[in-house]
file my_file.txt (compact mmCIF, C-alpha atoms)
# COMPACT_ATOMS: atom_id res chain seq x y z
CA MET Y 1 0.00 0.00 0.00
CA HIS Y 2 1.25 3.49 -0.88
CA SER Y 3 1.49 5.92 2.02
CA LEU Y 4 0.22 9.49 1.87
CA GLN Y 5 2.78 12.27 2.21
CA PHE Y 6 1.61 15.83 2.84
CA THR Y 7 3.86 18.36 1.10
CA SER Y 8 2.33 21.77 1.85
CA GLU Y 9 -0.62 23.47 3.54
CA SER Y 10 -2.60 26.66 3.00
CA SER Y 11 -5.88 28.07 4.27
CA SER Y 12 -8.49 30.58 3.13
CA ASN Y 13 -12.23 31.22 3.46
CA GLY Y 14 -12.67 28.69 6.25
CA MET Y 15 -10.99 25.87 4.32
CA VAL Y 16 -7.59 24.22 4.75
CA GLY Y 17 -5.94 22.71 1.69
CA ARG Y 18 -3.15 20.16 2.12
CA ASP Y 19 -1.23 19.05 -0.96
CA PHE Y 20 -0.21 15.41 -0.89
CA ILE Y 21 1.44 12.67 -2.94
CA VAL Y 22 0.38 9.02 -3.02
CA GLY Y 23 2.49 6.67 -5.12
CA GLY Y 24 3.84 9.60 -7.13
CA VAL Y 25 0.34 10.97 -7.85
CA PRO Y 26 -0.24 14.56 -6.62
CA GLY Y 27 -3.49 15.56 -4.98
CA VAL Y 28 -5.10 17.96 -2.53
CA LEU Y 29 -7.26 17.33 0.52
CA TRP Y 30 -9.57 20.11 1.66
CA SER Y 31 -10.90 20.18 5.22
CA PRO Y 32 -12.80 22.68 7.41
CA ALA Y 33 -10.57 25.18 9.19
CA SER Y 34 -12.53 24.53 12.38
CA GLY Y 35 -13.39 21.06 13.63
CA ALA Y 36 -10.67 19.60 11.43
CA ALA Y 37 -10.19 16.64 13.78
CA ASP Y 38 -13.85 15.59 13.62
CA ARG Y 39 -14.72 12.69 11.34
CA ALA Y 40 -16.88 13.50 8.34
CA PRO Y 41 -17.84 12.01 4.96
CA LEU Y 42 -15.26 12.11 2.17
CA VAL Y 43 -16.08 13.31 -1.34
CA LEU Y 44 -13.77 12.55 -4.27
CA LEU Y 45 -13.86 15.10 -7.10
CA GLY Y 46 -12.85 14.24 -10.66
CA HIS Y 47 -11.70 17.25 -12.70
CA GLY Y 48 -12.51 17.83 -16.35
CA GLY Y 49 -10.29 17.33 -19.37
CA GLY Y 50 -7.50 19.89 -19.63
CA ALA Y 51 -8.04 20.95 -16.00
CA HIS Y 52 -6.31 19.98 -12.76
CA LYS Y 53 -6.83 19.36 -9.05
CA LYS Y 54 -6.99 23.07 -8.13
CA HIS Y 55 -8.99 24.29 -11.12
CA PRO Y 56 -11.54 26.93 -10.01
CA ALA Y 57 -14.37 24.47 -10.65
CA MET Y 58 -12.77 22.06 -8.18
CA THR Y 59 -12.03 24.63 -5.50
CA GLY Y 60 -15.52 26.07 -5.85
CA ARG Y 61 -17.19 22.68 -5.38
CA ALA Y 62 -14.85 21.91 -2.51
CA GLN Y 63 -15.77 25.19 -0.83
CA ARG Y 64 -19.48 24.29 -0.91
CA LEU Y 65 -18.89 20.83 0.51
CA VAL Y 66 -16.27 21.74 3.12
CA THR Y 67 -17.58 24.98 4.59
CA GLY Y 68 -21.25 24.24 3.91
CA CYS Y 69 -21.38 20.59 4.97
CA GLY Y 70 -18.22 19.91 6.97
CA TYR Y 71 -17.06 17.27 4.48
CA ARG Y 72 -13.51 16.33 3.51
CA VAL Y 73 -12.87 16.71 -0.24
CA ALA Y 74 -10.01 15.19 -2.26
CA VAL Y 75 -8.88 15.65 -5.86
CA ILE Y 76 -5.94 14.10 -7.69
CA ASP Y 77 -4.42 15.17 -11.00
CA ALA Y 78 -5.45 12.80 -13.79
CA PRO Y 79 -2.62 11.30 -15.86
CA GLY Y 80 -1.05 13.97 -18.08
CA HIS Y 81 -2.85 16.78 -16.24
CA GLY Y 82 -1.88 19.39 -13.66
CA ASP Y 83 1.51 18.60 -12.15
CA ARG Y 84 1.82 15.33 -14.07
CA PRO Y 85 3.83 15.29 -17.32
CA ARG Y 86 2.21 14.25 -20.57
CA SER Y 87 3.31 11.03 -22.21
CA ALA Y 88 4.12 10.74 -25.90
CA GLN Y 89 0.70 9.11 -26.39
CA ASP Y 90 -0.95 12.04 -24.59
CA GLU Y 91 0.72 14.44 -26.99
CA ARG Y 92 -0.44 12.43 -30.02
CA ASP Y 93 -4.02 12.24 -28.77
CA ILE Y 94 -4.14 15.96 -28.00
CA ALA Y 95 -2.65 16.87 -31.37
CA GLU Y 96 -5.29 14.71 -33.09
CA LEU Y 97 -8.02 16.40 -31.07
CA ARG Y 98 -6.76 19.88 -31.92
CA GLN Y 99 -6.66 18.97 -35.61
CA ALA Y 100 -10.25 17.71 -35.48
CA GLN Y 101 -11.33 20.92 -33.77
CA ALA Y 102 -9.56 23.06 -36.37
CA GLU Y 103 -11.12 21.14 -39.25
CA GLY Y 104 -14.59 20.99 -37.75
CA GLU Y 105 -14.51 17.20 -37.55
CA PRO Y 106 -16.29 15.15 -34.82
CA GLN Y 107 -14.28 15.10 -31.60
CA GLY Y 108 -16.19 12.32 -29.87
CA PRO Y 109 -14.27 9.29 -31.17
CA ILE Y 110 -10.94 10.87 -30.21
CA ILE Y 111 -12.06 11.97 -26.75
CA VAL Y 112 -13.68 8.60 -26.00
CA GLY Y 113 -10.47 6.72 -26.73
CA TYR Y 114 -8.24 9.25 -24.96
CA ASN Y 115 -10.41 9.34 -21.84
CA ALA Y 116 -10.75 5.55 -21.73
CA ARG Y 117 -6.96 5.21 -21.74
CA LEU Y 118 -6.62 7.78 -18.95
CA ALA Y 119 -9.34 6.04 -16.92
CA GLU Y 120 -7.52 2.72 -17.12
CA LEU Y 121 -4.55 4.41 -15.44
CA ALA Y 122 -6.50 6.63 -13.06
CA VAL Y 123 -8.89 4.11 -11.47
CA PRO Y 124 -6.16 2.20 -9.55
CA GLU Y 125 -4.57 5.55 -8.64
CA TRP Y 126 -7.84 6.70 -7.11
CA GLN Y 127 -8.22 3.43 -5.23
CA ALA Y 128 -4.70 3.76 -3.80
CA THR Y 129 -5.47 7.35 -2.83
CA LEU Y 130 -8.68 6.29 -1.10
CA ASP Y 131 -6.77 3.58 0.78
CA ALA Y 132 -4.30 6.19 2.02
CA LEU Y 133 -6.92 8.81 2.89
CA GLN Y 134 -8.89 6.33 4.96
CA GLU Y 135 -5.79 5.80 7.09
CA LEU Y 136 -6.13 9.38 8.33
CA PRO Y 137 -7.86 9.65 11.72
CA GLU Y 138 -10.16 12.43 10.55
CA ILE Y 139 -11.51 10.22 7.74
CA GLY Y 140 -11.24 6.58 8.81
CA ALA Y 141 -12.23 3.42 7.00
CA GLU Y 142 -15.89 3.32 8.01
CA GLY Y 143 -17.14 6.72 6.88
CA PRO Y 144 -19.26 7.25 3.75
CA VAL Y 145 -17.57 8.20 0.46
CA GLY Y 146 -19.10 10.03 -2.50
CA TYR Y 147 -17.86 10.94 -5.97
CA VAL Y 148 -18.51 13.90 -8.28
CA GLY Y 149 -17.11 14.19 -11.80
CA ILE Y 150 -18.09 15.73 -15.13
CA GLY Y 151 -16.46 15.17 -18.54
CA LEU Y 152 -13.14 13.42 -17.94
CA GLY Y 153 -14.29 13.15 -14.31
CA THR Y 154 -17.19 11.03 -15.55
CA ALA Y 155 -14.97 8.96 -17.85
CA ILE Y 156 -12.81 8.07 -14.84
CA GLY Y 157 -15.57 8.09 -12.25
CA VAL Y 158 -17.93 5.58 -13.86
CA PRO Y 159 -15.39 2.72 -13.96
CA LEU Y 160 -14.11 3.80 -10.54
CA VAL Y 161 -17.54 3.66 -8.90
CA ALA Y 162 -18.24 0.36 -10.67
CA ALA Y 163 -15.06 -1.12 -9.19
CA GLU Y 164 -15.11 0.53 -5.78
CA PRO Y 165 -17.72 -0.60 -3.21
CA ARG Y 166 -16.63 2.09 -0.74
CA ILE Y 167 -18.26 4.80 -2.91
CA THR Y 168 -21.95 4.87 -2.05
CA ALA Y 169 -23.29 7.83 -4.07
CA ALA Y 170 -22.11 9.61 -7.22
CA VAL Y 171 -22.84 12.60 -9.44
CA PHE Y 172 -21.85 12.38 -13.10
CA GLY Y 173 -22.11 14.67 -16.12
CA PRO Y 174 -22.18 14.55 -19.90
CA HIS Y 175 -20.12 11.91 -21.70
CA TRP Y 176 -20.41 9.49 -24.57
CA PRO Y 177 -21.58 5.99 -23.54
CA ASP Y 178 -19.22 4.01 -25.78
CA ALA Y 179 -16.61 3.00 -23.20
CA LEU Y 180 -18.78 3.57 -20.13
CA ALA Y 181 -22.08 1.71 -20.61
CA ALA Y 182 -20.66 -1.66 -19.56
CA HIS Y 183 -19.30 -0.13 -16.35
CA ALA Y 184 -22.56 1.76 -15.74
CA ARG Y 185 -24.46 -1.54 -15.77
CA GLN Y 186 -22.41 -2.60 -12.74
CA ILE Y 187 -23.34 0.49 -10.71
CA THR Y 188 -26.25 0.16 -8.28
CA VAL Y 189 -25.60 3.05 -5.86
CA PRO Y 190 -27.71 6.23 -6.09
CA ILE Y 191 -26.61 8.57 -8.86
CA GLU Y 192 -27.48 12.01 -10.19
CA PHE Y 193 -26.71 12.52 -13.87
CA ASP Y 194 -26.57 15.83 -15.78
CA ILE Y 195 -26.84 16.33 -19.54
CA GLN Y 196 -27.05 19.40 -21.74
CA TRP Y 197 -30.04 19.11 -24.09
CA ASP Y 198 -28.39 21.18 -26.83
CA ASP Y 199 -24.88 19.73 -26.44
CA GLU Y 200 -23.00 20.35 -29.69
CA HIS Y 201 -20.56 17.48 -29.03
CA ILE Y 202 -22.52 14.75 -27.23
CA PRO Y 203 -25.89 13.96 -28.88
CA ARG Y 204 -28.73 13.87 -26.38
CA GLU Y 205 -29.42 10.27 -27.44
CA ALA Y 206 -25.91 9.38 -26.29
CA GLY Y 207 -26.42 11.05 -22.93
CA LEU Y 208 -29.76 9.32 -22.46
CA ALA Y 209 -28.22 5.98 -23.39
CA LEU Y 210 -25.56 6.33 -20.71
CA PHE Y 211 -28.15 7.31 -18.10
CA ASP Y 212 -30.29 4.34 -19.08
CA ALA Y 213 -27.32 1.98 -18.66
CA PHE Y 214 -26.94 2.64 -14.91
CA ALA Y 215 -28.37 -0.24 -12.89
CA SER Y 216 -29.12 2.00 -9.89
CA LYS Y 217 -32.65 1.77 -8.50
CA GLU Y 218 -32.33 5.42 -7.50
CA LYS Y 219 -31.06 7.50 -10.39
CA THR Y 220 -32.06 11.02 -11.33
CA LEU Y 221 -31.60 12.70 -14.72
CA HIS Y 222 -31.16 16.47 -14.90
CA ALA Y 223 -31.49 17.71 -18.50
CA ASN Y 224 -30.86 21.42 -18.97
CA ALA Y 225 -31.17 23.57 -22.07
CA GLY Y 226 -27.81 24.78 -23.30
CA LYS Y 227 -24.60 23.73 -24.96
CA HIS Y 228 -21.76 21.53 -23.73
CA LEU Y 229 -20.09 24.11 -21.48
CA GLU Y 230 -23.31 25.74 -20.26
CA LEU Y 231 -24.19 23.47 -17.35
CA PRO Y 232 -26.12 25.73 -14.95
CA ARG Y 233 -24.43 26.69 -11.72
CA PHE Y 234 -27.49 25.57 -9.77
CA GLU Y 235 -26.57 21.97 -10.61
CA VAL Y 236 -23.72 22.39 -8.11
CA ASP Y 237 -26.34 23.19 -5.47
CA SER Y 238 -28.29 20.09 -6.48
CA ALA Y 239 -25.17 17.91 -6.22
CA VAL Y 240 -24.56 19.20 -2.70
CA ARG Y 241 -28.12 18.36 -1.64
CA PHE Y 242 -27.82 14.91 -3.25
CA LEU Y 243 -24.61 14.14 -1.36
CA VAL Y 244 -26.00 15.37 1.94
CA ARG Y 245 -29.04 13.14 1.43
CA HIS Y 246 -26.92 10.06 0.86
CA LEU Y 247 -23.75 10.68 2.87
CA GLY Y 248 -25.26 12.42 5.88
CA LEU Y 249 -24.80 15.71 7.72
CA THR Y 250 -26.78 18.87 7.10
CA VAL Y 251 -25.99 21.83 4.89
CA THR Y 252 -25.02 24.57 7.35
CA SER Y 253 -24.86 27.49 4.94
CA PRO Y 254 -26.68 28.37 1.70
CA ALA Y 255 -25.43 26.20 -1.16

call {"tool": "encode", "arguments": {"input": "my_file.txt", "output": "structure tokens"}}
result
Amino acid sequence: MHSLQFTSESSSNGMVGRDFIVGGVPGVLWSPASGAADRAPLVLLGHGGGAHKKHPAMTGRAQRLVTGCGYRVAVIDAPGHGDRPRSAQDERDIAELRQAQAEGEPQGPIIVGYNARLAELAVPEWQATLDALQELPEIGAEGPVGYVGIGLGTAIGVPLVAAEPRITAAVFGPHWPDALAAHARQITVPIEFDIQWDDEHIPREAGLALFDAFASKEKTLHANAGKHLELPRFEVDSAVRFLVRHLGLTVTSPA
């Protein structure tokens, strides 16, 4: 088992962020500035493609969950993202994607293959990180664990939740079903799933097919008007309420 090594610490707005490394993979753990020793649910956040563990979308979600709910929140850099160097295959995939974008060609087939390759690497990294985090006294091995990820965070999160019984609730966002449907059929925990009805990259039929594949008895579809990058901010509020419902604790400040 890989041990967790904290490398730095900072605090702001009622939240403490501690950078860590597990098995060479960099991450950050956010905790409340007060009551930091108290045990609380853990939420794993999966960042989007081209982003990183401290992207504003990640820190914003962490702020809601940490200061509003008292949760612990962890994010790791996906392979080839953030503080992790790109491989030669990463560079080829990204160059192919940029060419498709420039020529107005479909991006889906490229992104599906690229994300599936990253997920194959990232799932065991997340499991090792979860092992190490649960060794911390403020988290422990018995507390509930949730997952939230959109885009690449969904591509990694679906196979992760399928393989990881410790995760008991998850929020996912738009993605093609090609490499994920088989994993989704293995997922039975409660899920909330967001799609954009006017997504210019992921056809709504593809989003609906992925939602349909989940075997969960409790699954909720949120379909919003708008394009791929126009997911409404209020869906963050909904994700917080969903996690509180399934992981416990009460929202202590407006989401």

call {"tool": "axis_aligned_box", "arguments": {"input": "my_file.txt", "around": "stretch 203-218 of chain Y", "padding_each_side": "8 Å", "output": "JSON"}}
result
{"center_x": -29.1, "center_y": 6.9, "center_z": -18.2, "size_x": 23.1, "size_y": 30.2, "size_z": 37.4}

call {"tool": "closest_residue", "arguments": {"input": "my_file.txt", "among": "Y:Gly46, Y:Pro232, Y:Gly24, Y:Gly146", "to": "Y:Ala170", "atoms": "all atoms listed in the file"}}
result
Y:Gly146

call {"tool": "atom_distance", "arguments": {"input": "my_file.txt", "atom1": "atom CA of Y:Ile139", "atom2": "atom CA of Y:Val73"}}
result
10.4 Å

call {"tool": "closest_residue", "arguments": {"input": "my_file.txt", "among": "Y:Lys217, Y:Arg241, Y:His201, Y:Arg61", "to": "Y:Gln101", "atoms": "all atoms listed in the file"}}
result
Y:His201

call {"tool": "residues_around", "arguments": {"input": "my_file.txt", "residues": "Y:Trp176", "least_positions_apart": "6", "cutoff": "8 Å", "atoms": "all atoms listed in the file", "output": "PDB file with C-alpha atoms, keeping the file's coordinate frame"}}
result
ATOM      1  CA  GLY Y 108     -16.190  12.320 -29.870  1.00  0.00           C
ATOM      2  CA  VAL Y 112     -13.680   8.600 -26.000  1.00  0.00           C
ATOM      3  CA  ILE Y 202     -22.520  14.750 -27.230  1.00  0.00           C
ATOM      4  CA  ALA Y 206     -25.910   9.380 -26.290  1.00  0.00           C
ATOM      5  CA  GLY Y 207     -26.420  11.050 -22.930  1.00  0.00           C
ATOM      6  CA  LEU Y 210     -25.560   6.330 -20.710  1.00  0.00           C
TER       7      LEU Y 210
END

call {"tool": "residues_around", "arguments": {"input": "my_file.txt", "residues": "stretch 164-167 of chain Y", "least_positions_apart": "5", "cutoff": "8 Å", "atoms": "all atoms listed in the file", "output": "mmCIF file with C-alpha atoms, in the coordinates of the input"}}
result
data_model
loop_
_atom_site.group_PDB
_atom_site.id
_atom_site.type_symbol
_atom_site.label_atom_id
_atom_site.label_comp_id
_atom_site.auth_asym_id
_atom_site.auth_seq_id
_atom_site.Cartn_x
_atom_site.Cartn_y
_atom_site.Cartn_z
ATOM 1 C CA GLN Y 127 -8.220 3.430 -5.230
ATOM 2 C CA PRO Y 144 -19.260 7.250 3.750
ATOM 3 C CA VAL Y 145 -17.570 8.200 0.460
ATOM 4 C CA GLY Y 146 -19.100 10.030 -2.500
ATOM 5 C CA TYR Y 147 -17.860 10.940 -5.970
#

call {"tool": "residues_near_point", "arguments": {"input": "my_file.txt", "point": "(-3.5, 16.7, -16.2)", "cutoff": "8 Å", "atoms": "only C-alpha atoms", "output": "PDB file with C-alpha atoms, in the coordinates of the input"}}
result
ATOM      1  CA  GLY Y  49     -10.290  17.330 -19.370  1.00  0.00           C
ATOM      2  CA  GLY Y  50      -7.500  19.890 -19.630  1.00  0.00           C
ATOM      3  CA  ALA Y  51      -8.040  20.950 -16.000  1.00  0.00           C
ATOM      4  CA  HIS Y  52      -6.310  19.980 -12.760  1.00  0.00           C
ATOM      5  CA  ASP Y  77      -4.420  15.170 -11.000  1.00  0.00           C
ATOM      6  CA  ALA Y  78      -5.450  12.800 -13.790  1.00  0.00           C
ATOM      7  CA  PRO Y  79      -2.620  11.300 -15.860  1.00  0.00           C
ATOM      8  CA  GLY Y  80      -1.050  13.970 -18.080  1.00  0.00           C
ATOM      9  CA  HIS Y  81      -2.850  16.780 -16.240  1.00  0.00           C
ATOM     10  CA  GLY Y  82      -1.880  19.390 -13.660  1.00  0.00           C
ATOM     11  CA  ASP Y  83       1.510  18.600 -12.150  1.00  0.00           C
ATOM     12  CA  ARG Y  84       1.820  15.330 -14.070  1.00  0.00           C
ATOM     13  CA  PRO Y  85       3.830  15.290 -17.320  1.00  0.00           C
ATOM     14  CA  ARG Y  86       2.210  14.250 -20.570  1.00  0.00           C
TER      15      ARG Y  86
END

call {"tool": "atom_distance", "arguments": {"input": "my_file.txt", "atom1": "atom CA of Y:His246", "atom2": "atom CA of Y:Ile191"}}
result
9.8 Å

call {"tool": "closest_residue", "arguments": {"input": "my_file.txt", "among": "Y:Pro106, Y:Pro190, Y:Pro124, Y:Pro203", "to": "Y:Lys219", "atoms": "only C-alpha atoms"}}
result
Y:Pro190

call {"tool": "atom_distance", "arguments": {"input": "my_file.txt", "atom1": "atom CA of Y:Gly113", "atom2": "atom CA of Y:Phe211"}}
result
19.7 Å

call {"tool": "closest_residue", "arguments": {"input": "my_file.txt", "among": "Y:Ile21, Y:Val28, Y:Val236, Y:Ala122", "to": "Y:Gly153", "atoms": "only C-alpha atoms"}}
result
Y:Ala122

call {"tool": "closest_residue", "arguments": {"input": "my_file.txt", "among": "Y:Ser31, Y:Asn224, Y:Ser12, Y:Thr59", "to": "Y:Arg72", "atoms": "all atoms listed in the file"}}
result
Y:Ser31

call {"tool": "closest_residue", "arguments": {"input": "my_file.txt", "among": "Y:Thr168, Y:Asp90, Y:Gly104, Y:Phe6", "to": "Y:Val244", "atoms": "only C-alpha atoms"}}
result
Y:Thr168

call {"tool": "residues_around", "arguments": {"input": "my_file.txt", "residues": "Y:Leu4", "least_positions_apart": "4", "cutoff": "7 Å", "atoms": "all atoms listed in the file", "output": "number ranges by chain"}}
result
Y: 20-22, 132
